[in-house]
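To be precise, the following lines are run37.cif, and they hold mmCIF, C-alpha atoms.
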data_data
loop_
_atom_site.group_PDB
_atom_site.id
_atom_site.type_symbol
_atom_site.label_atom_id
_atom_site.label_comp_id
_atom_site.auth_asym_id
_atom_site.auth_seq_id
_atom_site.Cartn_x
_atom_site.Cartn_y
_atom_site.Cartn_z
ATOM 1 C CA MET R 105 -40.937 58.797 -23.140
ATOM 2 C CA GLU R 106 -37.457 57.245 -22.793
ATOM 3 C CA LEU R 107 -34.835 59.262 -24.665
ATOM 4 C CA ILE R 108 -31.891 56.931 -23.937
ATOM 5 C CA THR R 109 -31.200 53.226 -24.236
ATOM 6 C CA LYS R 110 -31.005 51.859 -20.706
ATOM 7 C CA THR R 111 -28.204 49.455 -19.836
ATOM 8 C CA GLU R 112 -29.132 46.381 -17.821
ATOM 9 C CA LEU R 113 -27.652 46.563 -14.328
ATOM 10 C CA PRO R 114 -26.809 43.669 -11.992
ATOM 11 C CA LEU R 115 -29.544 44.706 -9.573
ATOM 12 C CA GLY R 116 -30.083 42.459 -6.579
ATOM 13 C CA GLN R 117 -27.270 40.063 -7.444
ATOM 14 C CA CYS R 118 -25.053 41.079 -4.533
ATOM 15 C CA GLU R 119 -24.492 43.883 -2.037
ATOM 16 C CA ILE R 120 -21.421 45.871 -1.053
ATOM 17 C CA LYS R 121 -21.717 46.996 2.557
ATOM 18 C CA HIS R 122 -20.079 50.070 3.984
ATOM 19 C CA SER R 123 -18.120 47.898 6.415
ATOM 20 C CA ASP R 124 -16.576 45.899 3.541
ATOM 21 C CA ARG R 125 -12.974 46.116 2.405
ATOM 22 C CA LEU R 126 -12.329 46.456 -1.318
ATOM 23 C CA ILE R 127 -9.260 45.993 -3.495
ATOM 24 C CA LEU R 128 -9.486 47.808 -6.828
ATOM 25 C CA ILE R 129 -7.011 47.043 -9.567
ATOM 26 C CA GLY R 130 -6.719 47.809 -13.263
ATOM 27 C CA SER R 131 -6.985 50.755 -15.630
ATOM 28 C CA CYS R 132 -7.319 54.418 -14.713
ATOM 29 C CA PHE R 133 -11.100 53.969 -14.568
ATOM 30 C CA THR R 134 -10.386 51.858 -11.464
ATOM 31 C CA GLU R 135 -9.108 55.010 -9.826
ATOM 32 C CA ASN R 136 -12.234 56.956 -10.831
ATOM 33 C CA ILE R 137 -14.468 54.506 -8.958
ATOM 34 C CA GLY R 138 -11.886 53.912 -6.230
ATOM 35 C CA ASN R 139 -11.687 57.613 -5.410
ATOM 36 C CA LYS R 140 -15.487 57.784 -5.232
ATOM 37 C CA LEU R 141 -15.462 54.893 -2.768
ATOM 38 C CA MET R 142 -12.698 56.476 -0.699
ATOM 39 C CA ASP R 143 -14.533 59.816 -0.656
ATOM 40 C CA SER R 144 -17.541 57.926 0.707
ATOM 41 C CA LYS R 145 -15.364 56.436 3.481
ATOM 42 C CA PHE R 146 -15.084 52.876 2.203
ATOM 43 C CA ARG R 147 -11.921 50.993 3.121
ATOM 44 C CA CYS R 148 -10.035 50.492 -0.141
ATOM 45 C CA ASP R 149 -6.672 49.443 -1.516
ATOM 46 C CA ILE R 150 -6.435 51.048 -4.964
ATOM 47 C CA ASN R 151 -3.978 49.862 -7.621
ATOM 48 C CA PRO R 152 -1.122 48.456 -5.508
ATOM 49 C CA PHE R 153 1.098 48.373 -8.622
ATOM 50 C CA GLY R 154 -0.244 51.596 -10.092
ATOM 51 C CA ILE R 155 -2.443 51.680 -13.185
ATOM 52 C CA LEU R 156 -2.458 48.423 -15.189
ATOM 53 C CA TYR R 157 -4.373 48.072 -18.437
ATOM 54 C CA ASN R 158 -4.327 44.483 -19.631
ATOM 55 C CA PRO R 159 -5.653 41.313 -17.931
ATOM 56 C CA MET R 160 -2.304 39.512 -17.819
ATOM 57 C CA SER R 161 -0.468 42.349 -16.056
ATOM 58 C CA ILE R 162 -3.309 42.542 -13.541
ATOM 59 C CA HIS R 163 -3.094 38.757 -13.115
ATOM 60 C CA GLU R 164 0.660 38.944 -12.523
ATOM 61 C CA ALA R 165 0.295 41.765 -9.990
ATOM 62 C CA LEU R 166 -2.295 39.843 -7.974
ATOM 63 C CA THR R 167 -0.181 36.690 -8.189
ATOM 64 C CA GLN R 168 2.828 38.542 -6.806
ATOM 65 C CA ILE R 169 0.691 39.870 -3.953
ATOM 66 C CA ILE R 170 -0.606 36.367 -3.163
ATOM 67 C CA ASN R 171 2.976 35.043 -3.130
ATOM 68 C CA LYS R 172 4.243 38.052 -1.140
ATOM 69 C CA LYS R 173 6.969 38.520 -3.705
ATOM 70 C CA THR R 174 10.015 40.425 -2.501
ATOM 71 C CA TYR R 175 11.652 42.504 -5.208
ATOM 72 C CA THR R 176 15.444 42.444 -5.319
ATOM 73 C CA HIS R 177 18.079 44.363 -7.261
ATOM 74 C CA ASP R 178 17.575 41.995 -10.214
ATOM 75 C CA ASP R 179 13.889 42.950 -10.492
ATOM 76 C CA VAL R 180 14.452 46.648 -11.200
ATOM 77 C CA MET R 181 16.407 48.439 -13.899
ATOM 78 C CA GLU R 182 17.915 51.861 -14.460
ATOM 79 C CA TYR R 183 16.648 54.014 -17.307
ATOM 80 C CA ARG R 184 17.729 57.621 -17.778
ATOM 81 C CA GLY R 185 18.967 57.868 -14.219
ATOM 82 C CA VAL R 186 15.814 56.416 -12.648
ATOM 83 C CA TRP R 187 15.336 52.957 -11.106
ATOM 84 C CA LEU R 188 12.058 51.362 -12.145
ATOM 85 C CA SER R 189 10.073 48.154 -12.431
ATOM 86 C CA LEU R 190 8.430 47.128 -15.686
ATOM 87 C CA MET R 191 5.487 45.852 -13.626
ATOM 88 C CA HIS R 192 4.910 49.135 -11.802
ATOM 89 C CA HIS R 193 3.730 52.661 -12.455
ATOM 90 C CA SER R 194 6.372 55.399 -12.457
ATOM 91 C CA SER R 195 5.135 56.586 -9.052
ATOM 92 C CA PHE R 196 7.141 53.687 -7.585
ATOM 93 C CA SER R 197 10.329 54.740 -9.388
ATOM 94 C CA SER R 198 13.220 56.598 -7.773
ATOM 95 C CA ASP R 199 16.712 57.841 -8.537
ATOM 96 C CA ASP R 200 17.802 55.575 -5.644
ATOM 97 C CA ARG R 201 17.493 51.816 -6.222
ATOM 98 C CA ASP R 202 16.840 50.919 -2.577
ATOM 99 C CA THR R 203 14.115 53.540 -2.316
ATOM 100 C CA CYS R 204 12.464 52.091 -5.418
ATOM 101 C CA LEU R 205 12.609 48.588 -3.900
ATOM 102 C CA ASP R 206 11.250 49.829 -0.572
ATOM 103 C CA ASN R 207 8.349 51.545 -2.337
ATOM 104 C CA ILE R 208 7.466 48.323 -4.163
ATOM 105 C CA ASN R 209 7.977 45.820 -1.350
ATOM 106 C CA SER R 210 6.185 47.780 1.353
ATOM 107 C CA ARG R 211 3.167 48.136 -0.942
ATOM 108 C CA ILE R 212 3.076 44.403 -1.733
ATOM 109 C CA GLU R 213 3.268 43.572 1.972
ATOM 110 C CA TYR R 214 0.439 45.997 2.763
ATOM 111 C CA SER R 215 -1.714 44.647 -0.068
ATOM 112 C CA TYR R 216 -1.194 41.020 0.991
ATOM 113 C CA ASP R 217 -2.472 41.815 4.482
ATOM 114 C CA PHE R 218 -5.380 43.771 2.986
ATOM 115 C CA LEU R 219 -6.208 40.956 0.531
ATOM 116 C CA ALA R 220 -6.380 38.396 3.316
ATOM 117 C CA LYS R 221 -9.184 40.429 4.945
ATOM 118 C CA ALA R 222 -10.850 41.887 1.831
ATOM 119 C CA ASP R 223 -14.479 41.262 0.935
ATOM 120 C CA TRP R 224 -14.263 42.332 -2.710
ATOM 121 C CA ILE R 225 -11.851 42.651 -5.600
ATOM 122 C CA LEU R 226 -12.955 45.027 -8.347
ATOM 123 C CA ILE R 227 -10.983 44.352 -11.545
ATOM 124 C CA THR R 228 -11.106 46.721 -14.526
ATOM 125 C CA PHE R 229 -9.772 45.506 -17.860
ATOM 126 C CA GLY R 230 -8.716 48.314 -20.194
ATOM 127 C CA THR R 231 -7.254 46.615 -23.261
ATOM 128 C CA ALA R 232 -6.506 43.132 -24.542
ATOM 129 C CA ARG R 233 -3.307 44.340 -26.197
ATOM 130 C CA VAL R 234 -0.055 43.691 -24.362
ATOM 131 C CA TYR R 235 3.621 44.631 -24.576
ATOM 132 C CA THR R 236 6.179 41.861 -24.105
ATOM 133 C CA TRP R 237 9.739 42.718 -22.987
ATOM 134 C CA ASN R 238 11.970 41.264 -25.702
ATOM 135 C CA GLU R 239 14.788 40.329 -23.319
ATOM 136 C CA ASN R 240 12.780 37.756 -21.377
ATOM 137 C CA GLY R 241 9.454 37.373 -23.201
ATOM 138 C CA ARG R 242 7.389 38.592 -20.231
ATOM 139 C CA ILE R 243 4.342 40.832 -20.474
ATOM 140 C CA VAL R 244 5.006 44.166 -18.793
ATOM 141 C CA GLY R 245 2.699 46.430 -16.849
ATOM 142 C CA ASN R 246 4.355 49.687 -17.895
ATOM 143 C CA CYS R 247 6.721 50.556 -20.745
ATOM 144 C CA HIS R 248 7.905 53.792 -19.072
ATOM 145 C CA LYS R 249 8.055 55.509 -22.491
ATOM 146 C CA MET R 250 10.997 53.377 -23.621
ATOM 147 C CA ASN R 251 11.744 52.718 -27.281
ATOM 148 C CA GLU R 252 8.997 50.566 -28.767
ATOM 149 C CA LYS R 253 11.625 48.353 -30.425
ATOM 150 C CA LEU R 254 12.408 46.923 -26.969
ATOM 151 C CA PHE R 255 8.911 45.386 -26.855
ATOM 152 C CA THR R 256 6.690 43.174 -28.969
ATOM 153 C CA ARG R 257 3.027 44.134 -29.139
ATOM 154 C CA SER R 258 0.255 41.543 -29.488
ATOM 155 C CA ILE R 259 -3.356 40.849 -28.566
ATOM 156 C CA LEU R 260 -4.465 38.277 -25.995
ATOM 157 C CA GLU R 261 -6.673 35.276 -26.700
ATOM 158 C CA VAL R 262 -9.943 34.825 -24.816
ATOM 159 C CA ASP R 263 -9.118 31.270 -23.722
ATOM 160 C CA ASP R 264 -5.745 32.317 -22.303
ATOM 161 C CA ILE R 265 -7.328 35.063 -20.208
ATOM 162 C CA VAL R 266 -10.069 32.751 -18.947
ATOM 163 C CA LYS R 267 -7.671 29.955 -18.025
ATOM 164 C CA SER R 268 -5.353 32.305 -16.138
ATOM 165 C CA TYR R 269 -8.207 33.901 -14.143
ATOM 166 C CA VAL R 270 -9.868 30.610 -13.195
ATOM 167 C CA GLY R 271 -6.531 29.667 -11.605
ATOM 168 C CA LEU R 272 -6.069 33.108 -10.059
ATOM 169 C CA ILE R 273 -9.500 33.140 -8.420
ATOM 170 C CA SER R 274 -8.793 29.707 -6.949
ATOM 171 C CA SER R 275 -5.431 30.876 -5.586
ATOM 172 C CA ILE R 276 -6.915 33.999 -4.002
ATOM 173 C CA ARG R 277 -9.685 31.963 -2.373
ATOM 174 C CA ASN R 278 -7.079 29.671 -0.843
ATOM 175 C CA ILE R 279 -6.093 32.574 1.426
ATOM 176 C CA ASN R 280 -9.491 34.297 1.517
ATOM 177 C CA PRO R 281 -12.329 31.816 0.834
ATOM 178 C CA ASP R 282 -15.168 34.342 1.106
ATOM 179 C CA ILE R 283 -13.872 37.015 -1.270
ATOM 180 C CA LYS R 284 -16.101 38.127 -4.135
ATOM 181 C CA PHE R 285 -15.188 39.596 -7.527
ATOM 182 C CA ILE R 286 -16.611 42.359 -9.692
ATOM 183 C CA PHE R 287 -15.253 42.646 -13.230
ATOM 184 C CA THR R 288 -15.769 45.599 -15.518
ATOM 185 C CA VAL R 289 -14.392 46.900 -18.814
ATOM 186 C CA SER R 290 -13.063 50.424 -18.879
ATOM 187 C CA PRO R 291 -15.135 52.775 -21.064
ATOM 188 C CA ILE R 292 -11.934 54.591 -22.068
ATOM 189 C CA ARG R 293 -11.205 54.039 -25.744
ATOM 190 C CA HIS R 294 -7.654 53.191 -26.843
ATOM 191 C CA ALA R 295 -7.296 55.362 -29.936
ATOM 192 C CA LYS R 296 -3.833 54.018 -30.741
ATOM 193 C CA ASP R 297 -5.526 50.818 -31.935
ATOM 194 C CA GLY R 298 -7.955 52.744 -34.146
ATOM 195 C CA MET R 299 -11.685 52.645 -33.442
ATOM 196 C CA HIS R 300 -12.122 49.226 -35.064
ATOM 197 C CA GLY R 301 -9.073 47.885 -33.252
ATOM 198 C CA ASN R 302 -10.401 49.260 -29.984
ATOM 199 C CA GLN R 303 -13.690 47.437 -30.513
ATOM 200 C CA ILE R 304 -11.865 44.166 -31.199
ATOM 201 C CA SER R 305 -9.856 44.603 -28.017
ATOM 202 C CA LYS R 306 -12.928 45.393 -25.912
ATOM 203 C CA SER R 307 -14.723 42.391 -27.427
ATOM 204 C CA VAL R 308 -11.937 40.073 -26.241
ATOM 205 C CA LEU R 309 -12.271 41.515 -22.736
ATOM 206 C CA LEU R 310 -16.071 41.227 -22.691
ATOM 207 C CA LEU R 311 -16.036 37.619 -23.891
ATOM 208 C CA SER R 312 -13.354 36.728 -21.351
ATOM 209 C CA ILE R 313 -15.287 38.199 -18.428
ATOM 210 C CA GLU R 314 -18.477 36.455 -19.552
ATOM 211 C CA LYS R 315 -16.695 33.094 -19.428
ATOM 212 C CA ILE R 316 -14.854 33.823 -16.177
ATOM 213 C CA CYS R 317 -18.105 34.723 -14.413
ATOM 214 C CA SER R 318 -19.906 31.674 -15.812
ATOM 215 C CA LEU R 319 -17.186 29.356 -14.481
ATOM 216 C CA ASN R 320 -16.861 30.873 -11.007
ATOM 217 C CA ASP R 321 -19.420 31.629 -8.332
ATOM 218 C CA ARG R 322 -19.528 35.022 -6.600
ATOM 219 C CA CYS R 323 -18.154 36.737 -9.706
ATOM 220 C CA TYR R 324 -20.174 39.622 -11.152
ATOM 221 C CA TYR R 325 -20.038 41.994 -14.094
ATOM 222 C CA PHE R 326 -20.704 45.723 -13.952
ATOM 223 C CA PRO R 327 -21.323 47.363 -17.370
ATOM 224 C CA SER R 328 -19.182 50.520 -17.179
ATOM 225 C CA TYR R 329 -18.341 50.239 -20.876
ATOM 226 C CA GLU R 330 -21.952 49.797 -21.980
ATOM 227 C CA ILE R 331 -23.206 52.680 -19.844
ATOM 228 C CA LEU R 332 -20.897 55.166 -21.541
ATOM 229 C CA MET R 333 -21.293 53.683 -25.031
ATOM 230 C CA ASP R 334 -25.085 53.245 -24.970
ATOM 231 C CA GLU R 335 -26.555 55.610 -22.377
ATOM 232 C CA LEU R 336 -24.078 58.490 -22.652
ATOM 233 C CA ARG R 337 -23.470 58.641 -26.388
ATOM 234 C CA ASP R 338 -23.038 62.401 -26.629
ATOM 235 C CA TYR R 339 -19.488 63.817 -26.718
ATOM 236 C CA ARG R 340 -20.364 66.170 -23.891
ATOM 237 C CA PHE R 341 -19.824 63.144 -21.663
ATOM 238 C CA TYR R 342 -16.183 62.926 -22.730
ATOM 239 C CA ALA R 343 -13.115 64.833 -21.586
ATOM 240 C CA ASP R 344 -11.237 67.166 -23.925
ATOM 241 C CA ASP R 345 -9.343 64.252 -25.531
ATOM 242 C CA MET R 346 -12.704 62.758 -26.598
ATOM 243 C CA LEU R 347 -11.547 59.378 -25.250
ATOM 244 C CA HIS R 348 -11.806 59.541 -21.456
ATOM 245 C CA PRO R 349 -15.142 60.015 -19.667
ATOM 246 C CA SER R 350 -15.841 63.489 -18.334
ATOM 247 C CA ALA R 351 -16.405 64.177 -14.640
ATOM 248 C CA MET R 352 -20.141 64.199 -15.364
ATOM 249 C CA ALA R 353 -19.929 60.748 -16.965
ATOM 250 C CA VAL R 354 -17.917 59.363 -14.044
ATOM 251 C CA ASP R 355 -20.552 60.728 -11.649
ATOM 252 C CA TYR R 356 -23.300 59.083 -13.691
ATOM 253 C CA ILE R 357 -21.527 55.702 -13.780
ATOM 254 C CA TRP R 358 -20.919 56.006 -10.030
ATOM 255 C CA GLU R 359 -24.660 56.510 -9.538
ATOM 256 C CA LYS R 360 -25.322 53.329 -11.527
ATOM 257 C CA PHE R 361 -22.660 51.477 -9.529
ATOM 258 C CA SER R 362 -24.318 52.634 -6.298
ATOM 259 C CA GLU R 363 -27.731 51.613 -7.573
ATOM 260 C CA SER R 364 -26.391 48.169 -8.468
ATOM 261 C CA PHE R 365 -24.475 47.279 -5.319
ATOM 262 C CA PHE R 366 -25.470 49.463 -2.348
ATOM 263 C CA GLY R 367 -28.352 48.737 0.008
ATOM 264 C CA ARG R 368 -30.425 51.289 1.889
ATOM 265 C CA LYS R 369 -28.176 51.342 4.969
ATOM 266 C CA THR R 370 -25.035 51.929 2.902
ATOM 267 C CA THR R 371 -26.748 54.682 0.939
ATOM 268 C CA GLU R 372 -27.737 56.390 4.178
ATOM 269 C CA VAL R 373 -24.136 56.305 5.460
ATOM 270 C CA ILE R 374 -22.892 57.818 2.193
ATOM 271 C CA LYS R 375 -25.560 60.533 2.331
ATOM 272 C CA SER R 376 -24.645 61.397 5.938
ATOM 273 C CA TRP R 377 -20.957 61.563 5.123
ATOM 274 C CA ASN R 378 -21.541 63.687 2.010
ATOM 275 C CA GLU R 379 -23.325 66.270 4.165
ATOM 276 C CA ILE R 380 -20.348 66.356 6.529
ATOM 277 C CA SER R 381 -17.915 66.637 3.600
ATOM 278 C CA ARG R 382 -19.819 69.597 2.161
ATOM 279 C CA GLY R 383 -19.631 71.278 5.545
ATOM 280 C CA LEU R 384 -15.876 70.729 5.757
ATOM 281 C CA ARG R 385 -15.431 72.268 2.293
ATOM 282 C CA HIS R 386 -17.458 75.347 3.258
ATOM 283 C CA LYS R 387 -15.417 78.571 3.142
ATOM 284 C CA PRO R 388 -16.640 80.962 5.859
ATOM 285 C CA PHE R 389 -16.948 84.719 5.367
ATOM 286 C CA ASN R 390 -15.342 85.200 8.787
ATOM 287 C CA PRO R 391 -13.364 82.148 10.022
ATOM 288 C CA ASN R 392 -12.923 83.770 13.454
ATOM 289 C CA SER R 393 -16.606 84.331 14.120
ATOM 290 C CA GLU R 394 -18.616 82.592 16.821
ATOM 291 C CA ALA R 395 -21.072 81.439 14.160
ATOM 292 C CA TYR R 396 -18.334 79.551 12.311
ATOM 293 C CA ALA R 397 -17.060 78.017 15.570
ATOM 294 C CA ALA R 398 -20.585 76.798 16.293
ATOM 295 C CA PHE R 399 -20.822 75.450 12.735
ATOM 296 C CA LEU R 400 -17.563 73.477 13.191
ATOM 297 C CA SER R 401 -18.724 72.162 16.560
ATOM 298 C CA GLN R 402 -21.857 70.826 14.934
ATOM 299 C CA ILE R 403 -19.809 69.097 12.234
ATOM 300 C CA LEU R 404 -17.527 67.580 14.882
ATOM 301 C CA LEU R 405 -20.590 66.336 16.732
ATOM 302 C CA LYS R 406 -22.026 64.780 13.563
ATOM 303 C CA ILE R 407 -18.726 63.011 12.843
ATOM 304 C CA GLY R 408 -18.658 61.680 16.409
ATOM 305 C CA VAL R 409 -22.221 60.354 16.139
ATOM 306 C CA LEU R 410 -21.435 58.671 12.802
ATOM 307 C CA LYS R 411 -18.219 57.149 14.185
ATOM 308 C CA GLU R 412 -20.051 55.800 17.230
ATOM 309 C CA LYS R 413 -22.677 54.225 15.001
ATOM 310 C CA PHE R 414 -20.156 52.853 12.492
ATOM 311 C CA PRO R 415 -16.838 52.227 14.352
ATOM 312 C CA TYR R 416 -15.034 51.040 11.212
ATOM 313 C CA LEU R 417 -15.137 54.537 9.651
ATOM 314 C CA ASP R 418 -11.749 56.242 9.457
ATOM 315 C CA VAL R 419 -12.599 59.841 10.308
ATOM 316 C CA GLU R 420 -9.575 60.856 12.379
ATOM 317 C CA LYS R 421 -8.273 63.261 9.724
ATOM 318 C CA GLU R 422 -11.564 65.139 9.556
ATOM 319 C CA MET R 423 -11.945 65.291 13.343
ATOM 320 C CA LYS R 424 -8.395 66.623 13.657
ATOM 321 C CA LEU R 425 -9.141 69.267 11.002
ATOM 322 C CA CYS R 426 -12.219 70.471 12.912
ATOM 323 C CA ARG R 427 -10.321 70.676 16.178
ATOM 324 C CA THR R 428 -7.479 72.572 14.518
ATOM 325 C CA LEU R 429 -9.865 75.111 12.979
ATOM 326 C CA LEU R 430 -11.646 75.564 16.295
ATOM 327 C CA LYS R 431 -8.359 76.451 18.014
ATOM 328 C CA LYS R 432 -7.551 79.232 15.556
#
Write-out of the structure in structure tokens:
Amino acid sequence: MELITKTELPLGQCEIKHSDRLILIGSCFTENIGNKLMDSKFRCDINPFGILYNPMSIHEALTQIINKKTYTHDDVMEYRGVWLSLMHHSSFSSDDRDTCLDNINSRIEYSYDFLAKADWILITFGTARVYTWNENGRIVGNCHKMNEKLFTRSILEVDDIVKSYVGLISSIRNINPDIKFIFTVSPIRHAKDGMHGNQISKSVLLLSIEKICSLNDRCYYFPSYEILMDELRDYRFYADDMLHPSAMAVDYIWEKFSESFFGRKTTEVIKSWNEISRGLRHKPFNPNSEAYAAFLSQILLKIGVLKEKFPYLDVEKEMKLCRTLLKK
């Protein structure tokens, strides 16, 4: 007897291979999935501008990457002794303007090179509500906790989102014709809008993605939002704020993501690496014992075998760690 309502998954529509490169951009749920991919040794570029919530800020970030935009002194501002960009997360900010610019420009350059070789872009929309900077009328990516009176808040229209993304996909494919897209809607609820307002916002995002995917080939939808709303309805699947998914919920959605997009070979690589990772996290009773040295040698051997079989895996850090522990 089924005790939950199953969400339809995009089974068999496409396959992400372990050798693929993926760009992930969007809300903080992007980082949940991105970290899972990185932990499984996929090659990823996660949120090159930091966390972005609305479709238009994500669109602008990708456009700047495509155009290899170089930020200058006019593109950053000082607020409370810190130089920042209204398009970027605070992790790019600095008390030194040149350092802030270097942080931003080096990341854009890296992401352009990554985009040109990427196989996938995974885009997560969080909200359809945007903040516009009153001085120039531009939608911002981050308000940096400034006074709300400096911004105008509004909600996007479906047609505007669709039109902008049809153009964006075309522009990206001009530099990378074979790239594929996965869209998803973050399951994180935006309580500031109220529960009804949150549903309206999510509805705009869902309708927009439906149209974008219908107008473009090699564009797919993964139902993160529906999985949490319909399959994981209990509040035990939420974090303490009752808005973000719990670690258990993220693990469950990751399982559904894996089921949707990974083939048998990819699953086997992930399983092999997970066994190695568990071994590396093992805390020995006696780190100086011969038994532990033998254990580390076996792990090092397993990493070497996996690297030989899949040369694209970046395992240098783990191999170095094993060698360091063996020398102690």
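Residue nearest Ser198 in chain R, chosen from R:Val262, R:Asn139, R:Arg184, R:Met160 and counting all atoms listed in the file: R:Arg184.
With CA of Thr288 in chain R on one side and CA of Leu332 in chain R on the other, the separation reads 12.4 Å.
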May I have the residues within 10 Å of range 348-363 of chain R as a ChimeraX atom specification, using only C-alpha atoms and disregarding those fewer than 2 positions away in the same chain? /R:111,113-116,119-120,132-133,136-137,140-141,290-294,326-329,331-332,335-336,339-346,365-368,370-371
Output for the residues just chosen: C-alpha atoms as a short mmCIF file (atom, residue, chain, number, x, y, z; two decimals), in the coordinates of the input:
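Listed below is the output, part_26.cif:
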data_model
loop_
_atom_site.label_atom_id
_atom_site.label_comp_id
_atom_site.auth_asym_id
_atom_site.auth_seq_id
_atom_site.Cartn_x
_atom_site.Cartn_y
_atom_site.Cartn_z
CA THR R 111 -28.20 49.46 -19.84
CA LEU R 113 -27.65 46.56 -14.33
CA PRO R 114 -26.81 43.67 -11.99
CA LEU R 115 -29.54 44.71 -9.57
CA GLY R 116 -30.08 42.46 -6.58
CA GLU R 119 -24.49 43.88 -2.04
CA ILE R 120 -21.42 45.87 -1.05
CA CYS R 132 -7.32 54.42 -14.71
CA PHE R 133 -11.10 53.97 -14.57
CA ASN R 136 -12.23 56.96 -10.83
CA ILE R 137 -14.47 54.51 -8.96
CA LYS R 140 -15.49 57.78 -5.23
CA LEU R 141 -15.46 54.89 -2.77
CA SER R 290 -13.06 50.42 -18.88
CA PRO R 291 -15.14 52.78 -21.06
CA ILE R 292 -11.93 54.59 -22.07
CA ARG R 293 -11.20 54.04 -25.74
CA HIS R 294 -7.65 53.19 -26.84
CA PHE R 326 -20.70 45.72 -13.95
CA PRO R 327 -21.32 47.36 -17.37
CA SER R 328 -19.18 50.52 -17.18
CA TYR R 329 -18.34 50.24 -20.88
CA ILE R 331 -23.21 52.68 -19.84
CA LEU R 332 -20.90 55.17 -21.54
CA GLU R 335 -26.56 55.61 -22.38
CA LEU R 336 -24.08 58.49 -22.65
CA TYR R 339 -19.49 63.82 -26.72
CA ARG R 340 -20.36 66.17 -23.89
CA PHE R 341 -19.82 63.14 -21.66
CA TYR R 342 -16.18 62.93 -22.73
CA ALA R 343 -13.12 64.83 -21.59
CA ASP R 344 -11.24 67.17 -23.92
CA ASP R 345 -9.34 64.25 -25.53
CA MET R 346 -12.70 62.76 -26.60
CA PHE R 365 -24.48 47.28 -5.32
CA PHE R 366 -25.47 49.46 -2.35
CA GLY R 367 -28.35 48.74 0.01
CA ARG R 368 -30.42 51.29 1.89
CA THR R 370 -25.04 51.93 2.90
CA THR R 371 -26.75 54.68 0.94
#
Mind telling me what the PyMOL selection byres ((chain R and resi 315) around 12) catches here, as JSON, numbers by chain? {"R": [262, 263, 264, 265, 266, 267, 268, 269, 270, 287, 308, 309, 310, 311, 312, 313, 314, 316, 317, 318, 319, 320, 321, 323, 324, 325]}
Given the file above and the PyMOL selection byres ((chain R and resi 147) around 7), which residues are selected, and can you give them as a list in words? Asp124, Arg125, Leu126, Met142, Lys145, Phe146 and Cys148 of chain R
Same residues, C-alpha atoms, output as a PDB file, in the frame of the given file:
ATOM      1  CA  ASP R 124     -16.576  45.899   3.541  1.00  0.00           C
ATOM      2  CA  ARG R 125     -12.974  46.116   2.405  1.00  0.00           C
ATOM      3  CA  LEU R 126     -12.329  46.456  -1.318  1.00  0.00           C
ATOM      4  CA  MET R 142     -12.698  56.476  -0.699  1.00  0.00           C
ATOM      5  CA  LYS R 145     -15.364  56.436   3.481  1.00  0.00           C
ATOM      6  CA  PHE R 146     -15.084  52.876   2.203  1.00  0.00           C
ATOM      7  CA  CYS R 148     -10.035  50.492  -0.141  1.00  0.00           C
TER       8      CYS R 148
END
Do you know which residues the PyMOL selection byres ((chain R and resi 276) around 12) returns on this file, as a ChimeraX atom specification? /R:163,166-171,216,219-225,269-275,277-285
Nearby residues, (1.5, 48.5, 1.7) file frame, 12 Å, all atoms listed in the file, as a count of residues only: 22
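One finds CA of Phe389 in chain R at 25.7 Å from CA of Val419 in chain R.
Minimum distance to Asn238 in chain R across R:Lys369, R:Arg322, R:Lys173, R:Lys253 (counting only C-alpha atoms) occurs at R:Lys253.
In this structure, CA of Leu190 in chain R sits 18.4 Å away from CA of Phe229 in chain R.
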Residue with the minimum atom-to-atom distance to Asp179 in chain R, picked from R:Val409, R:Ile162, R:Cys204, R:Leu156 with all atoms listed in the file counted, is R:Cys204
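Closest approach to Cys426 in chain R among R:Leu410, R:Leu260, R:Val289, R:Ala398 is made by R:Ala398 (distances from all atoms listed in the file).
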Mind completing range 127-134 of chain R with N, CA and C atoms? Output as a PDB file, in the coordinates of the input, please?
ATOM      1  N   ILE R 127     -10.457  45.774  -2.689  1.00  0.00           N
ATOM      2  CA  ILE R 127      -9.260  45.993  -3.495  1.00  0.00           C
ATOM      3  C   ILE R 127      -9.727  46.348  -4.905  1.00  0.00           C
ATOM      4  N   LEU R 128      -9.168  47.405  -5.456  1.00  0.00           N
ATOM      5  CA  LEU R 128      -9.486  47.808  -6.828  1.00  0.00           C
ATOM      6  C   LEU R 128      -8.190  47.812  -7.632  1.00  0.00           C
ATOM      7  N   ILE R 129      -8.232  47.155  -8.780  1.00  0.00           N
ATOM      8  CA  ILE R 129      -7.011  47.043  -9.567  1.00  0.00           C
ATOM      9  C   ILE R 129      -7.355  47.072 -11.055  1.00  0.00           C
ATOM     10  N   GLY R 130      -6.510  47.757 -11.826  1.00  0.00           N
ATOM     11  CA  GLY R 130      -6.719  47.809 -13.263  1.00  0.00           C
ATOM     12  C   GLY R 130      -6.450  49.175 -13.855  1.00  0.00           C
ATOM     13  N   SER R 131      -7.232  49.543 -14.849  1.00  0.00           N
ATOM     14  CA  SER R 131      -6.985  50.755 -15.630  1.00  0.00           C
ATOM     15  C   SER R 131      -7.315  52.006 -14.818  1.00  0.00           C
ATOM     16  N   CYS R 132      -7.098  53.163 -15.428  1.00  0.00           N
ATOM     17  CA  CYS R 132      -7.319  54.418 -14.713  1.00  0.00           C
ATOM     18  C   CYS R 132      -8.779  54.600 -14.324  1.00  0.00           C
ATOM     19  N   PHE R 133      -9.715  53.900 -14.987  1.00  0.00           N
ATOM     20  CA  PHE R 133     -11.100  53.969 -14.568  1.00  0.00           C
ATOM     21  C   PHE R 133     -11.273  53.352 -13.177  1.00  0.00           C
ATOM     22  N   THR R 134     -10.404  52.406 -12.824  1.00  0.00           N
ATOM     23  CA  THR R 134     -10.386  51.858 -11.464  1.00  0.00           C
ATOM     24  C   THR R 134     -10.228  52.970 -10.445  1.00  0.00           C
TER      25      THR R 134
END
